[in-house]
Structure formats: structure tokens, C-alpha cells
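*Asks:* For reference, this is query.cif, and it has mmCIF, C-alpha atoms.
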data_structure
#
loop_
_atom_site.group_PDB
_atom_site.id
_atom_site.type_symbol
_atom_site.label_atom_id
_atom_site.label_comp_id
_atom_site.auth_asym_id
_atom_site.auth_seq_id
_atom_site.Cartn_x
_atom_site.Cartn_y
_atom_site.Cartn_z
ATOM 1 C CA MET A 326 -9.114 -12.515 -3.533
ATOM 2 C CA VAL A 327 -6.438 -12.677 -6.236
ATOM 3 C CA PHE A 328 -4.152 -15.681 -6.432
ATOM 4 C CA ARG A 329 -0.784 -15.337 -8.078
ATOM 5 C CA ASP A 330 0.612 -18.333 -9.861
ATOM 6 C CA VAL A 331 4.365 -18.064 -9.551
ATOM 7 C CA SER A 332 6.049 -20.335 -12.048
ATOM 8 C CA HIS A 333 8.863 -22.670 -11.086
ATOM 9 C CA LYS A 334 11.082 -20.726 -13.479
ATOM 10 C CA ALA A 335 10.304 -17.418 -11.714
ATOM 11 C CA LYS A 336 11.004 -18.975 -8.308
ATOM 12 C CA GLY A 337 14.268 -20.454 -9.589
ATOM 13 C CA SER A 338 15.321 -17.123 -11.057
ATOM 14 C CA SER A 339 14.594 -15.439 -7.724
ATOM 15 C CA TYR A 340 16.910 -17.830 -5.869
ATOM 16 C CA GLU A 341 19.600 -17.454 -8.527
ATOM 17 C CA ARG A 342 19.446 -13.677 -8.053
ATOM 18 C CA LYS A 343 19.708 -14.056 -4.270
ATOM 19 C CA ILE A 344 22.880 -16.142 -4.553
ATOM 20 C CA ALA A 345 24.325 -13.830 -7.227
ATOM 21 C CA ASN A 346 23.651 -10.767 -5.048
ATOM 22 C CA HIS A 347 25.150 -12.477 -1.989
ATOM 23 C CA LEU A 348 28.319 -13.383 -3.913
ATOM 24 C CA TRP A 349 28.556 -9.804 -5.220
ATOM 25 C CA GLU A 350 28.218 -8.418 -1.690
ATOM 26 C CA GLU A 351 31.035 -10.759 -0.617
ATOM 27 C CA GLY A 352 33.372 -9.249 -3.227
ATOM 28 C CA PHE A 353 32.962 -11.663 -6.144
ATOM 29 C CA ALA A 354 32.553 -10.607 -9.764
ATOM 30 C CA VAL A 355 29.246 -12.247 -10.707
ATOM 31 C CA LEU A 356 27.227 -12.983 -13.826
ATOM 32 C CA ARG A 357 23.819 -14.614 -13.751
ATOM 33 C CA GLY A 358 23.016 -16.499 -16.926
ATOM 34 C CA CYS A 359 20.629 -14.408 -18.984
ATOM 35 C CA SER A 360 18.928 -17.543 -20.249
ATOM 36 C CA SER A 361 19.599 -19.845 -17.347
ATOM 37 C CA GLY A 362 16.849 -22.390 -17.115
ATOM 38 C CA GLY A 363 15.326 -21.556 -20.442
ATOM 39 C CA GLY A 364 15.531 -22.331 -24.080
ATOM 40 C CA VAL A 365 19.197 -21.893 -25.000
ATOM 41 C CA ARG A 366 19.848 -24.780 -27.348
ATOM 42 C CA ARG A 367 23.096 -24.004 -29.147
ATOM 43 C CA ARG A 368 25.220 -23.464 -26.072
ATOM 44 C CA TYR A 369 24.893 -23.962 -22.379
ATOM 45 C CA VAL A 370 24.463 -20.966 -20.085
ATOM 46 C CA PRO A 371 25.078 -21.747 -16.396
ATOM 47 C CA ASP A 372 22.910 -20.218 -13.682
ATOM 48 C CA ILE A 373 25.815 -18.275 -12.147
ATOM 49 C CA VAL A 374 29.478 -17.639 -12.959
ATOM 50 C CA ALA A 375 31.441 -15.975 -10.167
ATOM 51 C CA SER A 376 35.103 -15.113 -9.710
ATOM 52 C CA ILE A 377 37.309 -13.985 -6.848
ATOM 53 C CA ASN A 378 41.082 -14.044 -6.400
ATOM 54 C CA GLY A 379 41.507 -15.762 -9.769
ATOM 55 C CA LYS A 380 39.142 -18.618 -8.823
ATOM 56 C CA ILE A 381 36.110 -19.218 -11.025
ATOM 57 C CA LEU A 382 32.877 -20.880 -9.919
ATOM 58 C CA VAL A 383 30.291 -22.193 -12.357
ATOM 59 C CA ILE A 384 27.117 -22.840 -10.373
ATOM 60 C CA GLU A 385 23.890 -24.711 -11.051
ATOM 61 C CA VAL A 386 21.256 -23.534 -8.542
ATOM 62 C CA LYS A 387 18.533 -25.866 -7.244
ATOM 63 C CA TYR A 388 15.792 -24.980 -4.759
ATOM 64 C CA ARG A 389 13.014 -27.203 -3.445
ATOM 65 C CA ALA A 390 10.435 -26.308 -0.810
ATOM 66 C CA LYS A 391 10.550 -29.870 0.528
ATOM 67 C CA GLU A 392 13.395 -32.337 0.826
ATOM 68 C CA GLY A 393 13.672 -34.862 -1.934
ATOM 69 C CA PRO A 394 16.012 -35.973 -4.689
ATOM 70 C CA ILE A 395 16.893 -33.408 -7.344
ATOM 71 C CA TYR A 396 17.657 -34.776 -10.789
ATOM 72 C CA ILE A 397 19.815 -33.057 -13.386
ATOM 73 C CA GLU A 398 19.639 -34.273 -16.967
ATOM 74 C CA LYS A 399 22.771 -35.898 -18.344
ATOM 75 C CA ASP A 400 23.159 -33.357 -21.156
ATOM 76 C CA LYS A 401 22.819 -30.365 -18.815
ATOM 77 C CA TYR A 402 25.257 -31.922 -16.342
ATOM 78 C CA GLN A 403 27.860 -32.592 -19.024
ATOM 79 C CA LYS A 404 27.503 -29.052 -20.350
ATOM 80 C CA LEU A 405 27.974 -27.655 -16.831
ATOM 81 C CA LEU A 406 31.254 -29.574 -16.524
ATOM 82 C CA GLU A 407 32.361 -28.535 -20.025
ATOM 83 C CA PHE A 408 31.627 -24.861 -19.355
ATOM 84 C CA ALA A 409 33.680 -25.026 -16.152
ATOM 85 C CA ARG A 410 36.534 -26.726 -18.023
ATOM 86 C CA ARG A 411 36.540 -24.066 -20.747
ATOM 87 C CA ALA A 412 36.480 -21.306 -18.117
ATOM 88 C CA SER A 413 39.296 -22.972 -16.126
ATOM 89 C CA GLY A 414 36.861 -23.013 -13.229
ATOM 90 C CA SER A 415 35.106 -25.408 -10.897
ATOM 91 C CA ALA A 416 31.541 -26.639 -11.335
ATOM 92 C CA TYR A 417 29.271 -26.632 -8.282
ATOM 93 C CA VAL A 418 25.667 -27.385 -7.504
ATOM 94 C CA ALA A 419 24.058 -25.128 -4.885
ATOM 95 C CA VAL A 420 21.046 -26.688 -3.133
ATOM 96 C CA LYS A 421 18.512 -25.260 -0.707
ATOM 97 C CA TYR A 422 15.561 -27.091 0.822
ATOM 98 C CA GLY A 423 12.881 -24.838 2.323
ATOM 99 C CA SER A 424 14.338 -22.648 5.057
ATOM 100 C CA ASP A 425 17.622 -24.597 5.279
ATOM 101 C CA LYS A 426 20.847 -22.790 4.440
ATOM 102 C CA TRP A 427 22.400 -23.073 1.001
ATOM 103 C CA ARG A 428 24.836 -25.963 0.642
ATOM 104 C CA VAL A 429 27.202 -26.572 -2.249
ATOM 105 C CA MET A 430 29.130 -29.510 -3.565
ATOM 106 C CA PRO A 431 31.411 -30.070 -6.526
ATOM 107 C CA ALA A 432 29.376 -31.227 -9.507
ATOM 108 C CA GLU A 433 31.863 -34.031 -10.153
ATOM 109 C CA LYS A 434 30.788 -35.684 -6.888
ATOM 110 C CA LEU A 435 27.129 -36.067 -7.864
ATOM 111 C CA GLU A 436 25.669 -39.556 -8.061
ATOM 112 C CA GLU A 437 24.829 -40.936 -11.505
ATOM 113 C CA THR A 438 21.513 -42.670 -12.069
ATOM 114 C CA GLY A 439 21.035 -45.734 -14.243
ATOM 115 C CA GLU A 440 19.887 -43.475 -17.090
ATOM 116 C CA GLY A 441 23.065 -41.379 -17.028
ATOM 117 C CA ASN A 442 21.443 -38.400 -15.312
ATOM 118 C CA VAL A 443 22.755 -37.217 -11.947
ATOM 119 C CA VAL A 444 20.923 -36.891 -8.661
ATOM 120 C CA VAL A 445 21.425 -34.801 -5.543
ATOM 121 C CA ARG A 446 19.951 -36.563 -2.535
ATOM 122 C CA PRO A 447 19.185 -34.653 0.682
ATOM 123 C CA ALA A 448 21.438 -36.914 2.774
ATOM 124 C CA THR A 449 24.298 -36.498 0.295
ATOM 125 C CA ILE A 450 24.164 -32.712 0.204
ATOM 126 C CA MET A 451 23.963 -32.592 4.014
ATOM 127 C CA GLU A 452 26.942 -34.963 4.441
ATOM 128 C CA ALA A 453 29.177 -34.167 1.463
ATOM 129 C CA GLY A 454 28.138 -30.582 0.777
ATOM 130 C CA ILE A 455 29.393 -27.545 2.646
ATOM 131 C CA PRO A 456 27.571 -24.329 3.563
ATOM 132 C CA LEU A 457 27.785 -21.725 0.806
ATOM 133 C CA ASP A 458 29.307 -19.236 3.253
ATOM 134 C CA ALA A 459 32.078 -21.728 4.097
ATOM 135 C CA LEU A 460 32.975 -22.006 0.401
ATOM 136 C CA ILE A 461 32.945 -18.220 0.118
ATOM 137 C CA ALA A 462 35.235 -17.935 3.153
ATOM 138 C CA ALA A 463 37.637 -20.514 1.769
ATOM 139 C CA LEU A 464 37.837 -18.724 -1.582
ATOM 140 C CA LYS A 465 38.378 -15.389 0.167
ATOM 141 C CA ASN A 466 41.040 -17.102 2.308
ATOM 142 C CA GLN A 467 39.115 -16.577 5.529
ATOM 143 C CA PRO A 468 39.289 -19.308 8.166
ATOM 144 C CA ILE A 469 36.610 -21.836 7.290
ATOM 145 C CA THR A 470 36.078 -22.554 10.998
ATOM 146 C CA SER A 471 34.367 -19.200 11.406
ATOM 147 C CA PHE A 472 31.385 -20.638 9.533
ATOM 148 C CA MET A 473 31.252 -24.099 11.103
ATOM 149 C CA GLU A 474 28.291 -25.070 13.197
ATOM 150 C CA TRP A 475 29.764 -26.117 16.545
ATOM 151 C CA GLY A 476 28.098 -28.666 18.753
ATOM 152 C CA GLN A 477 26.617 -30.703 15.916
ATOM 153 C CA GLU A 478 27.875 -34.222 15.459
#
Could the structure of this file be written out as C-alpha cells, please?
*Replies:*
Amino acid sequence: MVFRDVSHKAKGSSYERKIANHLWEEGFAVLRGCSSGGGVRRRYVPDIVASINGKILVIEVKYRAKEGPIYIEKDKYQKLLEFARRASGSAYVAVKYGSDKWRVMPAEKLEETGEGNVVVRPATIMEAGIPLDALIAALKNQPITSFMEWGQE
């Protein structure tokens, strides 16, 4: 029996590609950072940059198989915000736990830790984040209610 060791970087890249492809299929112009997640020291490269109807999204993608806090280093977080500022866009963090749906929230709303890093907590992304498809609908000017989950309090 052969076991394949799939690195965290390979898994992360796979999820970045899935979001990029989904955005493309929804009509966005999309670029996935060629060096996202790896080794670019002189300048920051976000995971995904997407544009539709003159609106620009700069997205940091985070996937975890199990729920738990996700930490983003202070330097990376600040560079995400700076890239979005330079692009006249909006910075978002897209989070997926296991088989849950992707949820996004503005990067500016992330909680700072005592060390200056930021953290995405499962409860926060579930309460303050919105489904990725709802953000897509809003940016495409579709009624956001078409993506709401009715009957959940």
C-alpha cells in the first residue's frame, strides 16, 4: 500500500484554485498568486485577486479540516491590507472548516491578538462572516436573499 503525504501547502493551493475557479465561473476576472503561501520576501502576493463590475477583492484563503482558531501573522495581515489599498480593493479572508461552506469576512474586522497577529475564530466567522456565494451575489448585484439559509435562527 502506498501512502501519499500531501503537504499543507499543496492542500492550501488546491483550495485556492477551487475558489479561483468558482469566481471565474461566476464571471469574475481572477488571478491566483503564483507564490501565494511561499517564499516571496520582497513583496506580498495575495492568494487571490478577483474583479467584477469595477470591484476588486484581495483574498487570503484559509482551510482547516477541523474547527479551531486560525492565526495570521501581523506582517502578512498588514501586507494584505496594504495590497488591497494599493489596488483600490477590499481585503477579505475566506475560511472553510471541513465540509462547511466557504465564509468570508472583511480582513479589517479580524480580532487582534496580544502579539499583534490576527485570529479568525470559528464562532466569529459563523456570526460575522457571510457565505462566499452571498458576497458573489452582492457584487454581481443579485439579490442576496437568494443565498440565505432560511429557517435558521
*Asks:* Take the PyMOL selection byres ((chain A and resi 428) around 8), run it mentally on this structure, and tell me the resulting residues as a PyMOL selection string.
*Replies:* chain A and resi 419-421+426-427+429-430+450-451+454-457
*Asks:* Let me make sure I understand: among A:Asp458, A:Leu356, A:Tyr369, A:Gly423, which one has the smallest atom-to-atom distance to A:Leu382 if we use all atoms listed in the file?
*Replies:* A:Leu356
*Asks:* Name the residues, using the chain letters and numbers of the file, that sit within 9 Å of (33.3, -12.7, -3.6) when counting all atoms listed in the file, and give them as a JSON list (two decimals) with C-alpha atoms, in the frame of the given file.
*Replies:*
[["chain", "number", "residue", "atom", "x", "y", "z"],
["A", 347, "HIS", "CA", 25.15, -12.48, -1.99],
["A", 348, "LEU", "CA", 28.32, -13.38, -3.91],
["A", 349, "TRP", "CA", 28.56, -9.80, -5.22],
["A", 350, "GLU", "CA", 28.22, -8.42, -1.69],
["A", 351, "GLU", "CA", 31.04, -10.76, -0.62],
["A", 352, "GLY", "CA", 33.37, -9.25, -3.23],
["A", 353, "PHE", "CA", 32.96, -11.66, -6.14],
["A", 354, "ALA", "CA", 32.55, -10.61, -9.76],
["A", 355, "VAL", "CA", 29.25, -12.25, -10.71],
["A", 375, "ALA", "CA", 31.44, -15.98, -10.17],
["A", 376, "SER", "CA", 35.10, -15.11, -9.71],
["A", 377, "ILE", "CA", 37.31, -13.98, -6.85],
["A", 378, "ASN", "CA", 41.08, -14.04, -6.40],
["A", 461, "ILE", "CA", 32.94, -18.22, 0.12],
["A", 462, "ALA", "CA", 35.24, -17.93, 3.15],
["A", 464, "LEU", "CA", 37.84, -18.72, -1.58],
["A", 465, "LYS", "CA", 38.38, -15.39, 0.17]]
*Asks:* The PyMOL selection byres ((chain A and resi 413) around 12) on the file shown: which residues, as JSON, numbers by chain?
*Replies:* {"A": [374, 376, 379, 380, 381, 382, 383, 406, 407, 408, 409, 410, 411, 412, 414, 415, 416]}
*Asks:* Quick check, in Å to one decimal: how far apart do atom CA of A:Arg368 and atom CA of A:Arg446 lie?
*Replies:*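 Interatomic distance, atom CA of A:Arg368 to atom CA of A:Arg446: 27.4 Å.
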*Asks:* Interatomic distance between atom CA of A:Ser424 and atom CA of A:Val443?
*Replies:* 23.9 Å
